[in-house]
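Chemist: My structure is stored as query.txt, with compact mmCIF, C-alpha atoms and all ligand atoms.
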```txt
# COMPACT_ATOMS: atom_id res chain seq x y z
CA MET S 1 -30.95 -87.54 56.13
CA LYS S 2 -30.34 -91.17 55.34
CA LEU S 3 -27.10 -92.48 56.81
CA LEU S 4 -25.08 -95.57 56.05
CA LEU S 5 -22.86 -96.72 58.91
CA ILE S 6 -20.27 -99.39 58.20
CA GLY S 7 -19.18 -101.88 60.86
CA SER S 8 -20.49 -104.38 63.38
CA GLY S 9 -18.91 -103.72 66.77
CA GLY S 10 -19.86 -102.04 70.01
CA ARG S 11 -18.37 -98.87 68.57
CA GLU S 12 -20.89 -98.97 65.73
CA HIS S 13 -23.80 -99.54 68.11
CA ALA S 14 -22.69 -96.45 70.05
CA LEU S 15 -22.33 -94.44 66.81
CA ALA S 16 -25.76 -95.56 65.60
CA TRP S 17 -27.32 -94.68 68.97
CA LYS S 18 -25.71 -91.23 68.86
CA PHE S 19 -26.72 -90.59 65.23
CA ALA S 20 -30.29 -91.65 66.00
CA GLN S 21 -30.56 -88.76 68.46
CA SER S 22 -29.94 -86.20 65.73
CA LYS S 23 -33.07 -84.42 64.55
CA LYS S 24 -31.54 -84.36 61.08
CA VAL S 25 -31.46 -88.14 60.80
CA GLU S 26 -34.43 -90.07 59.50
CA LYS S 27 -32.88 -93.47 58.82
CA ILE S 28 -29.63 -95.31 59.55
CA PHE S 29 -28.59 -98.35 57.56
CA VAL S 30 -25.90 -100.33 59.37
CA ALA S 31 -23.76 -102.67 57.29
CA PRO S 32 -23.57 -105.35 58.52
CA GLY S 33 -24.45 -104.21 62.07
CA ASN S 34 -25.12 -106.44 65.08
CA GLY S 35 -27.87 -107.35 67.55
CA GLY S 36 -27.74 -103.84 69.01
CA THR S 37 -28.13 -101.93 65.77
CA ALA S 38 -30.85 -104.41 64.72
CA ILE S 39 -33.22 -102.87 67.28
CA GLU S 40 -31.79 -99.38 67.78
CA ASN S 41 -34.01 -96.41 67.02
CA LYS S 42 -34.14 -95.47 63.27
CA CYS S 43 -31.73 -98.33 62.41
CA GLU S 44 -31.89 -101.18 59.95
CA ASN S 45 -29.13 -103.74 59.40
CA VAL S 46 -28.12 -104.58 55.86
CA ASN S 47 -25.99 -107.62 55.26
CA ILE S 48 -23.29 -106.15 52.99
CA THR S 49 -19.53 -105.87 53.53
CA ASP S 50 -18.09 -105.74 50.00
CA ILE S 51 -17.01 -102.18 49.14
CA ASP S 52 -18.40 -102.15 45.58
CA GLU S 53 -21.71 -103.50 46.88
CA LEU S 54 -21.76 -100.76 49.52
CA VAL S 55 -21.26 -98.12 46.79
CA LYS S 56 -24.22 -99.58 44.86
CA PHE S 57 -26.35 -99.71 47.98
CA ALA S 58 -25.62 -96.04 48.82
CA GLN S 59 -26.56 -95.06 45.25
CA ASN S 60 -29.75 -97.12 45.13
CA GLU S 61 -30.97 -95.94 48.54
CA ASN S 62 -29.98 -92.29 47.99
CA VAL S 63 -27.84 -92.33 51.13
CA ASP S 64 -26.86 -88.77 52.12
CA LEU S 65 -23.84 -89.62 54.23
CA THR S 66 -21.72 -92.71 54.87
CA VAL S 67 -19.65 -93.10 58.03
CA VAL S 68 -16.99 -95.80 58.28
CA GLY S 69 -16.46 -97.43 61.69
CA PRO S 70 -13.49 -99.82 61.34
CA GLU S 71 -10.01 -99.34 59.85
CA ASP S 72 -10.08 -102.20 57.39
CA PRO S 73 -12.31 -100.63 54.67
CA LEU S 74 -10.50 -97.29 55.17
CA THR S 75 -7.08 -98.80 54.45
CA LYS S 76 -8.66 -100.50 51.42
CA GLY S 77 -9.66 -97.13 49.98
CA ILE S 78 -13.43 -97.13 50.58
CA VAL S 79 -13.38 -93.32 50.83
CA ASN S 80 -11.70 -92.96 47.42
CA LYS S 81 -14.29 -95.26 45.85
CA PHE S 82 -17.31 -93.47 47.32
CA LYS S 83 -15.93 -90.05 46.39
CA LYS S 84 -15.25 -91.16 42.83
CA GLU S 85 -18.98 -91.85 42.52
CA GLY S 86 -19.83 -88.47 44.02
CA LEU S 87 -21.05 -90.01 47.29
CA LYS S 88 -20.56 -88.17 50.57
CA ILE S 89 -18.44 -90.17 53.03
CA PHE S 90 -16.66 -89.43 56.31
CA GLY S 91 -13.22 -90.94 56.84
CA PRO S 92 -9.66 -90.55 55.55
CA ALA S 93 -8.78 -91.52 51.98
CA GLU S 94 -6.37 -94.41 51.41
CA ASN S 95 -3.19 -92.31 51.76
CA GLY S 96 -4.08 -90.93 55.22
CA ALA S 97 -5.44 -94.30 56.36
CA LYS S 98 -1.92 -95.68 56.02
CA LEU S 99 -1.15 -93.92 59.31
CA GLU S 100 -2.87 -96.92 60.88
CA GLY S 101 -2.41 -99.44 58.08
CA SER S 102 1.39 -99.43 58.20
CA LYS S 103 3.48 -98.97 61.36
CA SER S 104 6.67 -98.25 59.39
CA PHE S 105 4.82 -95.59 57.37
CA SER S 106 3.38 -93.96 60.48
CA LYS S 107 6.71 -94.01 62.35
CA GLU S 108 8.41 -92.43 59.33
CA PHE S 109 5.67 -89.78 59.24
CA MET S 110 6.15 -89.06 62.97
CA LYS S 111 9.92 -88.72 62.50
CA LYS S 112 9.57 -86.50 59.42
CA TYR S 113 7.24 -84.07 61.17
CA GLY S 114 8.88 -84.12 64.60
CA VAL S 115 6.03 -85.88 66.43
CA LYS S 116 7.33 -87.09 69.80
CA THR S 117 7.54 -90.88 69.67
CA ALA S 118 9.71 -93.84 70.71
CA GLN S 119 13.01 -94.46 68.87
CA TYR S 120 12.73 -97.22 66.31
CA GLU S 121 14.24 -99.16 63.42
CA THR S 122 12.40 -100.78 60.51
CA PHE S 123 13.42 -104.18 59.07
CA THR S 124 12.43 -106.15 56.00
CA ASN S 125 15.25 -108.69 56.35
CA VAL S 126 15.13 -111.23 59.18
CA ASP S 127 18.93 -111.55 59.57
CA GLU S 128 19.33 -107.81 59.96
CA ALA S 129 16.51 -107.74 62.51
CA LEU S 130 18.13 -110.55 64.52
CA LYS S 131 21.49 -108.77 64.38
CA TYR S 132 19.90 -105.62 65.77
CA LEU S 133 18.56 -107.63 68.73
CA GLU S 134 22.20 -108.17 69.78
CA ILE S 135 22.68 -104.46 70.43
CA CYS S 136 19.25 -103.09 71.40
CA GLU S 137 18.12 -102.39 74.95
CA TYR S 138 15.60 -104.54 76.80
CA PRO S 139 12.69 -104.64 77.23
CA THR S 140 12.06 -103.89 73.59
CA VAL S 141 8.92 -103.79 71.45
CA VAL S 142 8.51 -105.77 68.22
CA LYS S 143 5.67 -104.67 65.94
CA ALA S 144 4.23 -106.12 62.76
CA ASP S 145 4.01 -103.43 60.08
CA GLY S 146 0.50 -104.21 58.82
CA LEU S 147 -2.91 -104.72 60.39
CA ALA S 148 -2.89 -107.73 62.71
CA ALA S 149 -6.24 -107.31 64.49
CA GLY S 150 -4.55 -105.71 67.51
CA LYS S 151 -2.22 -108.69 68.01
CA GLY S 152 0.84 -107.44 66.17
CA VAL S 153 2.75 -105.96 69.14
CA ALA S 154 5.08 -108.01 71.35
CA ILE S 155 6.71 -106.52 74.45
CA CYS S 156 9.88 -108.56 74.85
CA ALA S 157 11.69 -108.71 78.20
CA ASN S 158 14.90 -110.17 76.74
CA LYS S 159 16.69 -111.18 73.56
CA GLN S 160 15.23 -114.68 73.50
CA GLU S 161 11.66 -113.37 73.58
CA ALA S 162 12.47 -110.81 70.91
CA GLU S 163 14.03 -113.46 68.66
CA GLU S 164 10.93 -115.61 69.01
CA ALA S 165 8.70 -112.68 68.09
CA VAL S 166 10.82 -111.68 65.10
CA LYS S 167 10.92 -115.25 63.77
CA SER S 168 7.20 -115.83 64.26
CA TYR S 169 6.41 -112.60 62.35
CA MET S 170 9.01 -112.83 59.58
CA VAL S 171 9.68 -116.55 59.10
CA GLU S 172 6.59 -118.39 60.31
CA ASP S 173 4.51 -115.49 58.94
CA ILE S 174 1.81 -115.78 61.62
CA PHE S 175 0.14 -112.56 60.40
CA ASN S 176 -0.15 -113.64 56.76
CA GLY S 177 2.14 -111.01 55.33
CA ALA S 178 1.44 -108.21 57.84
CA GLY S 179 4.63 -109.12 59.75
CA GLN S 180 7.00 -109.33 56.78
CA THR S 181 8.12 -105.81 57.58
CA ILE S 182 8.65 -105.11 61.28
CA VAL S 183 9.37 -102.16 63.52
CA ILE S 184 11.57 -102.66 66.60
CA GLU S 185 10.93 -99.88 69.04
CA GLU S 186 12.15 -98.43 72.33
CA PHE S 187 10.03 -99.57 75.27
CA LEU S 188 8.26 -96.71 77.04
CA GLU S 189 7.10 -96.99 80.62
CA GLY S 190 4.09 -95.01 81.74
CA VAL S 191 0.31 -94.80 81.58
CA GLU S 192 -1.65 -94.85 78.36
CA ALA S 193 -4.43 -92.59 77.19
CA SER S 194 -6.68 -92.64 74.15
CA ILE S 195 -7.37 -89.28 72.57
CA LEU S 196 -9.97 -89.58 69.84
CA SER S 197 -10.32 -86.49 67.72
CA ILE S 198 -11.88 -85.21 64.53
CA THR S 199 -10.09 -83.44 61.69
CA ASP S 200 -11.02 -81.76 58.42
CA GLY S 201 -7.37 -81.61 57.33
CA LYS S 202 -7.05 -78.00 58.55
CA THR S 203 -8.11 -78.23 62.20
CA ILE S 204 -8.07 -81.06 64.75
CA ILE S 205 -10.54 -81.01 67.64
CA PRO S 206 -9.73 -83.50 70.40
CA PHE S 207 -12.58 -85.30 72.15
CA ILE S 208 -12.71 -86.07 75.86
CA SER S 209 -9.85 -88.44 76.71
CA GLY S 210 -10.33 -92.10 77.56
CA LYS S 211 -8.54 -94.74 79.55
CA ASP S 212 -8.73 -98.17 77.97
CA HIS S 213 -7.99 -101.37 79.91
CA LYS S 214 -6.30 -103.61 77.38
CA GLN S 215 -5.38 -106.76 79.30
CA ILE S 216 -7.93 -109.43 80.06
CA PHE S 217 -7.39 -109.69 83.84
CA ASP S 218 -7.64 -107.28 86.76
CA GLY S 219 -4.54 -105.28 87.55
CA GLY S 220 -3.54 -105.20 83.87
CA LYS S 221 -2.51 -108.86 83.84
CA GLY S 222 -2.78 -111.50 81.11
CA PRO S 223 -2.87 -111.20 77.34
CA ASN S 224 -3.99 -108.09 75.46
CA THR S 225 -7.55 -107.81 74.20
CA GLY S 226 -9.32 -105.26 72.02
CA GLY S 227 -10.13 -103.40 75.27
CA MET S 228 -12.10 -104.50 78.34
CA GLY S 229 -13.56 -101.18 79.42
CA VAL S 230 -12.99 -97.44 79.28
CA LEU S 231 -13.02 -94.63 81.79
CA ALA S 232 -13.64 -91.14 80.37
CA PRO S 233 -12.23 -88.61 80.96
CA ASN S 234 -8.84 -90.21 81.62
CA PRO S 235 -7.65 -88.93 85.03
CA TYR S 236 -3.99 -89.00 83.91
CA VAL S 237 -4.65 -86.51 81.12
CA THR S 238 -4.07 -83.37 83.14
CA GLU S 239 -4.00 -79.89 81.65
CA ALA S 240 -0.20 -80.10 81.48
CA VAL S 241 -0.33 -83.43 79.62
CA MET S 242 -2.93 -82.03 77.24
CA LYS S 243 -0.74 -79.02 76.52
CA GLU S 244 2.24 -81.26 75.78
CA PHE S 245 0.06 -83.47 73.60
CA GLU S 246 -1.25 -80.50 71.64
CA GLU S 247 2.19 -79.01 71.07
CA ASN S 248 4.39 -82.07 70.51
CA ILE S 249 1.92 -84.45 68.91
CA MET S 250 -1.33 -82.94 67.65
CA ALA S 251 -0.06 -79.74 65.99
CA LYS S 252 2.84 -81.60 64.35
CA THR S 253 0.51 -84.30 63.07
CA LEU S 254 -1.78 -81.69 61.56
CA ASN S 255 1.18 -80.05 59.88
CA GLY S 256 2.18 -83.45 58.45
CA ILE S 257 -1.32 -84.12 57.14
CA LYS S 258 -1.26 -80.75 55.36
CA GLU S 259 2.27 -81.13 54.00
CA GLU S 260 1.60 -84.65 52.70
CA GLY S 261 -1.61 -83.41 51.10
CA PHE S 262 -3.70 -86.21 52.61
CA ASP S 263 -7.40 -86.01 51.86
CA TYR S 264 -8.29 -86.42 55.53
CA LYS S 265 -11.75 -85.63 56.81
CA GLY S 266 -12.28 -88.15 59.53
CA ILE S 267 -11.37 -89.42 62.94
CA ILE S 268 -7.79 -89.49 64.12
CA PHE S 269 -7.20 -91.35 67.36
CA PHE S 270 -3.92 -90.81 69.18
CA GLY S 271 -2.74 -93.63 71.45
CA ILE S 272 -0.37 -91.84 73.82
CA MET S 273 1.97 -92.89 76.62
CA ILE S 274 2.42 -90.48 79.53
CA THR S 275 5.91 -91.09 80.96
CA LYS S 276 8.33 -89.43 83.34
CA LYS S 277 10.19 -88.18 80.25
CA GLY S 278 7.06 -86.59 78.80
CA THR S 279 4.13 -87.57 76.61
CA TYR S 280 4.79 -89.77 73.57
CA LEU S 281 2.69 -90.92 70.66
CA LEU S 282 2.49 -94.73 70.50
CA GLU S 283 0.26 -94.99 67.47
CA TYR S 284 -2.36 -93.45 65.24
CA ASN S 285 -5.69 -95.06 64.53
CA VAL S 286 -7.78 -93.63 61.73
CA ARG S 287 -11.11 -94.55 63.33
CA MET S 288 -12.76 -94.33 66.72
CA GLY S 289 -11.62 -96.74 69.45
CA ASP S 290 -13.65 -99.66 70.67
CA PRO S 291 -14.66 -99.50 73.55
CA GLU S 292 -13.50 -95.84 73.84
CA THR S 293 -16.39 -94.70 71.63
CA GLN S 294 -19.02 -96.10 74.00
CA SER S 295 -17.82 -93.92 76.91
CA VAL S 296 -16.74 -90.86 74.95
CA LEU S 297 -19.92 -90.51 72.85
CA TYR S 298 -22.01 -91.02 75.97
CA LEU S 299 -20.56 -87.76 77.27
CA MET S 300 -20.89 -85.85 74.00
CA GLU S 301 -23.58 -83.21 74.19
CA SER S 302 -23.26 -81.93 70.61
CA ASP S 303 -25.01 -83.50 67.63
CA LEU S 304 -22.35 -85.75 66.08
CA VAL S 305 -23.94 -85.51 62.63
CA GLU S 306 -23.55 -81.74 62.71
CA VAL S 307 -19.93 -82.08 63.84
CA ILE S 308 -19.21 -84.49 60.96
CA GLU S 309 -20.93 -82.20 58.47
CA ALA S 310 -18.77 -79.30 59.67
CA ALA S 311 -15.68 -81.48 59.09
CA LEU S 312 -16.83 -82.33 55.56
CA ARG S 313 -17.27 -78.59 54.84
CA GLU S 314 -13.77 -77.96 56.31
CA GLU S 315 -15.34 -75.73 58.93
CA LEU S 316 -14.21 -77.35 62.17
CA ASP S 317 -12.56 -74.04 63.08
CA LYS S 318 -16.05 -72.54 63.28
CA ILE S 319 -17.56 -75.00 65.77
CA GLU S 320 -17.15 -76.07 69.36
CA ILE S 321 -17.97 -79.56 70.59
CA LYS S 322 -19.94 -79.57 73.83
CA TRP S 323 -19.50 -82.21 76.54
CA LYS S 324 -21.55 -83.31 79.53
CA ASP S 325 -20.09 -82.98 83.00
CA GLY S 326 -19.22 -86.07 84.96
CA VAL S 327 -17.60 -89.40 84.32
CA CYS S 328 -18.60 -92.33 82.13
CA ILE S 329 -17.38 -95.89 82.41
CA ASN S 330 -18.14 -98.81 80.18
CA VAL S 331 -17.38 -102.33 81.32
CA VAL S 332 -17.11 -105.02 78.67
CA LEU S 333 -18.76 -108.39 79.22
CA ALA S 334 -16.84 -111.01 77.25
CA SER S 335 -17.31 -114.66 76.36
CA ASN S 336 -15.55 -117.14 78.63
CA GLY S 337 -12.12 -117.87 77.11
CA TYR S 338 -11.69 -114.58 75.21
CA PRO S 339 -9.14 -113.47 73.89
CA GLY S 340 -8.40 -117.16 73.31
CA ASN S 341 -10.97 -119.70 72.12
CA PHE S 342 -14.57 -119.33 73.18
CA THR S 343 -18.00 -120.71 72.36
CA LYS S 344 -20.82 -118.60 70.87
CA GLY S 345 -24.58 -118.89 70.77
CA TYR S 346 -25.60 -118.37 74.42
CA GLU S 347 -28.76 -116.43 75.13
CA ILE S 348 -28.22 -112.89 76.47
CA LYS S 349 -30.68 -111.60 79.06
CA ILE S 350 -30.87 -107.89 79.78
CA ASP S 351 -33.20 -107.03 82.67
CA GLU S 352 -35.10 -103.75 82.58
CA LYS S 353 -33.48 -102.84 85.92
CA VAL S 354 -30.39 -101.76 83.93
CA LYS S 355 -30.43 -97.97 84.33
CA ASP S 356 -28.03 -96.94 81.61
CA LYS S 357 -27.36 -98.04 78.08
CA VAL S 358 -26.07 -101.45 77.07
CA PHE S 359 -24.11 -101.34 73.81
CA LEU S 360 -24.04 -104.66 72.02
CA ALA S 361 -20.98 -105.89 70.12
CA GLY S 362 -20.55 -109.64 69.51
CA ALA S 363 -24.27 -110.29 69.76
CA LYS S 364 -26.96 -111.13 67.23
CA PHE S 365 -30.60 -112.13 67.00
CA GLU S 366 -31.42 -115.71 66.05
CA ASN S 367 -35.13 -116.45 65.64
CA GLY S 368 -35.92 -113.44 67.79
CA ILE S 369 -33.54 -114.44 70.61
CA LEU S 370 -30.46 -112.34 71.37
CA LYS S 371 -27.37 -114.57 71.47
CA THR S 372 -23.63 -114.19 71.97
CA ASN S 373 -21.73 -114.01 68.69
CA GLY S 374 -18.18 -112.86 69.51
CA GLY S 375 -15.45 -112.41 72.11
CA ARG S 376 -16.44 -109.01 73.42
CA VAL S 377 -20.20 -109.41 73.66
CA LEU S 378 -21.39 -106.06 75.03
CA SER S 379 -20.54 -102.99 77.12
CA VAL S 380 -22.51 -101.80 80.11
CA ILE S 381 -22.46 -98.07 80.81
CA GLY S 382 -22.11 -96.39 84.20
CA LEU S 383 -22.42 -92.68 84.84
CA GLY S 384 -21.57 -90.51 87.82
CA LYS S 385 -20.37 -87.17 89.02
CA ASP S 386 -17.02 -88.83 89.74
CA THR S 387 -15.23 -92.10 88.98
CA GLU S 388 -16.43 -93.88 92.11
CA GLU S 389 -20.06 -93.11 91.35
CA ALA S 390 -19.69 -94.14 87.72
CA ARG S 391 -18.00 -97.39 88.76
CA LYS S 392 -20.76 -98.23 91.22
CA ASP S 393 -23.40 -97.52 88.61
CA ALA S 394 -21.68 -99.65 85.93
CA TYR S 395 -21.11 -102.64 88.21
CA ASN S 396 -24.62 -102.37 89.57
CA ASN S 397 -26.04 -102.37 86.04
CA ILE S 398 -23.91 -105.33 85.05
CA LYS S 399 -25.65 -107.53 87.64
CA TYR S 400 -28.74 -107.38 85.47
CA VAL S 401 -27.05 -108.55 82.28
CA GLN S 402 -26.43 -112.28 81.93
CA PHE S 403 -25.24 -114.98 79.60
CA GLU S 404 -23.43 -118.25 80.20
CA GLY S 405 -19.71 -117.77 80.93
CA ALA S 406 -19.96 -113.96 80.99
CA TYR S 407 -16.65 -112.46 82.14
CA CYS S 408 -15.69 -108.90 83.03
CA ARG S 409 -12.82 -107.14 84.78
CA THR S 410 -13.80 -105.87 88.20
CA ASP S 411 -11.33 -102.97 88.28
CA ILE S 412 -12.39 -100.75 85.38
CA GLY S 413 -11.93 -97.16 86.48
CA THR S 414 -9.63 -97.86 89.43
CA HIS S 415 -6.75 -96.14 87.61
CA MET S 416 -4.77 -99.34 86.96
P1 LIG E 1 -0.05 -100.26 69.40
O1 LIG E 1 -0.82 -101.17 68.50
O2 LIG E 1 1.17 -99.64 68.80
O3 LIG E 1 -0.88 -99.31 70.19
O4 LIG E 1 0.45 -101.23 70.58
C1 LIG E 1 -0.44 -101.97 71.36
C2 LIG E 1 -0.07 -101.83 72.81
O5 LIG E 1 1.27 -102.23 73.02
C3 LIG E 1 -0.14 -100.39 73.30
O6 LIG E 1 -1.42 -100.03 73.67
C4 LIG E 1 0.83 -100.46 74.46
O7 LIG E 1 0.20 -101.01 75.60
C5 LIG E 1 1.88 -101.40 73.98
N1 LIG E 1 3.01 -100.67 73.36
C6 LIG E 1 3.14 -100.32 72.06
N2 LIG E 1 4.29 -99.65 71.84
C7 LIG E 1 4.91 -99.58 73.03
C8 LIG E 1 6.15 -99.01 73.48
N3 LIG E 1 6.99 -98.39 72.64
N4 LIG E 1 6.45 -99.10 74.79
C9 LIG E 1 5.62 -99.74 75.64
N5 LIG E 1 4.45 -100.29 75.30
C10 LIG E 1 4.09 -100.23 74.01
N1 LIG E 2 -9.51 -99.95 72.26
C1 LIG E 2 -8.38 -99.74 71.46
C2 LIG E 2 -8.64 -99.58 70.02
O1 LIG E 2 -9.78 -99.44 69.59
O2 LIG E 2 -7.69 -99.58 69.25
```
Give the structure from this file in structure tokens form.
Ligand code: AMP
Ligand code: GLY
Modeler:
Amino acid sequence: MKLLLIGSGGREHALAWKFAQSKKVEKIFVAPGNGGTAIENKCENVNITDIDELVKFAQNENVDLTVVGPEDPLTKGIVNKFKKEGLKIFGPAENGAKLEGSKSFSKEFMKKYGVKTAQYETFTNVDEALKYLEICEYPTVVKADGLAAGKGVAICANKQEAEEAVKSYMVEDIFNGAGQTIVIEEFLEGVEASILSITDGKTIIPFISGKDHKQIFDGGKGPNTGGMGVLAPNPYVTEAVMKEFEENIMAKTLNGIKEEGFDYKGIIFFGIMITKKGTYLLEYNVRMGDPETQSVLYLMESDLVEVIEAALREELDKIEIKWKDGVCINVVLASNGYPGNFTKGYEIKIDEKVKDKVFLAGAKFENGILKTNGGRVLSVIGLGKDTEEARKDAYNNIKYVQFEGAYCRTDIGTHM
């Protein structure tokens, strides 16, 4: 098979690496890819991001299957366009992708189908939103409706903070339209878990759970990032939590997908909050997480291409996904200054003493030299029979990966 994989992050390097292990796969084009996919087995980067150009490329190269990494092309209807041309593609069509593309849409969906989630109100008028802040409880959570590159959520300790958030979204328009509609939501206290899963619209199979570490500093301090490292499985996802998740969140979501008639053969990623009052759904993502994918796929025993093909045939009920024993951790190495301003273009040195995989993200080759090219530069993997062993392995490996200003959290996997 010839595959086309769309995206350029660490998630896509992990996907490409996993696909390359499939006996069925002969070639993987990655559009646009990064420094990791540039040299990964069976891979070739192609510098295309425009959806119509991608359609043409898939036709010209006789691509057998296209897999979409990030949410942006999915919410823009890439799946509809490929299918219209008779091209095989894995991911939700535009209607299902709205579960990530619009917070008000996804909250309405959750309410309609009884998915357990935080109480909320939606606003399109700034005066009404400000009036609501007079009566709501604090802390409260203000969310931009549209895609805001992971920055559209403000946890506000008091009314003043909430007013600032509302005004910056709705009046100053800091998210270029994505914050013109907002959701104001009940604050939930607990621990988070990422449950990536695959669906064919009839069945959902959850993957091994992950624990992301969203803030930039140790102990969960400082501003939010895209994710600084992931522990899988997530130790807080006990059997009891999983049962609650399956009953109150997963089954109800599947029912909603069926009732709405979404054309959904793709990934659905549940961001959940485990609280004293039970397990709640915070959000849906319609793609794999980054850096969840790096840890979760590292533990996947099954051939991911076969799993995806089963989903496209609507036969997920006939398969079982196999997992490796043990624990996987990935620790992100970021550019100095991320998630704020940072400088790019530093040489990255990876010593051969690194025992496990290094997945590259914001990294690219320039005249044959691997250089930093983004905030989250790469992820270093650690494996073990338990968390402690995996942590030791990851932090040992990281000693052998260097670039100027490289920063990582030192507490990934310590259950913070
Ligand atoms: P989201 O994009 O909805 O996942 O929000 C980003 C992050 O904000 C989540 O990973 C949580 O850490 C936090 N968050 C979102 N909604 C809530 C909530 N209702 N209560 C507490 N924290 C939240
Ligand atoms: N790491 C969180 C996400 O991919 O949304």
Chemist: Quick one: residues within 6 Å of ligand LIG 1 (chain E), with only C-alpha atoms and all ligand atoms, as a tab-separated table (two decimals) with C-alpha atoms, in the coordinates of the input?
Modeler:
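Result saved to out-v1.tsv:
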```
chain	number	residue	atom	x	y	z
S	118	ALA	CA	9.71	-93.84	70.71
S	141	VAL	CA	8.92	-103.79	71.45
S	150	GLY	CA	-4.55	-105.71	67.51
S	153	VAL	CA	2.75	-105.96	69.14
S	185	GLU	CA	10.93	-99.88	69.04
S	186	GLU	CA	12.15	-98.43	72.33
S	187	PHE	CA	10.03	-99.57	75.27
S	188	LEU	CA	8.26	-96.71	77.04
S	189	GLU	CA	7.10	-96.99	80.62
S	282	LEU	CA	2.49	-94.73	70.50
S	283	GLU	CA	0.26	-94.99	67.47
```
Chemist: Between S:Gly413, S:Pro291, S:Pro73, S:Gly114, which is the closest to ligand LIG 2 (chain E) once you count all atoms listed in the file?
Modeler: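 Ranked by minimum distance to ligand LIG 2 (chain E), first place goes to S:Pro291.
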Chemist: Calculate how many Å separate atom CA of S:Phe365 from atom CA of S:Gly340, rounding to one decimal.
Modeler: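 Interatomic distance, atom CA of S:Phe365 to atom CA of S:Gly340: 23.6 Å.
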Chemist: At a cut-off of 7 Å around ligand LIG 2 (chain E), and using all atoms listed in the file, what residues come up? Please write them as a list in words.
Modeler: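 Listed by chain and ascending number, the contacts are Asp212, Gly226, Gly227, Asn285, Met288, Gly289, Asp290, Pro291 and Glu292 of chain S.
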Chemist: Of the residues S:Ala148, S:Tyr338, S:Ala162, S:Ser106, which is the one nearest to S:Lys131, using all atoms listed in the file?
Modeler: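 Checking each candidate against S:Lys131, we get S:Ala162 as the closest.
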Chemist: Rounded to one decimal in Å, what is the spacing between atom CA of S:Val377 and atom CA of S:Thr343?
Modeler: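 Atom-to-atom, atom CA of S:Val377 and atom CA of S:Thr343 are spaced 11.6 Å apart.
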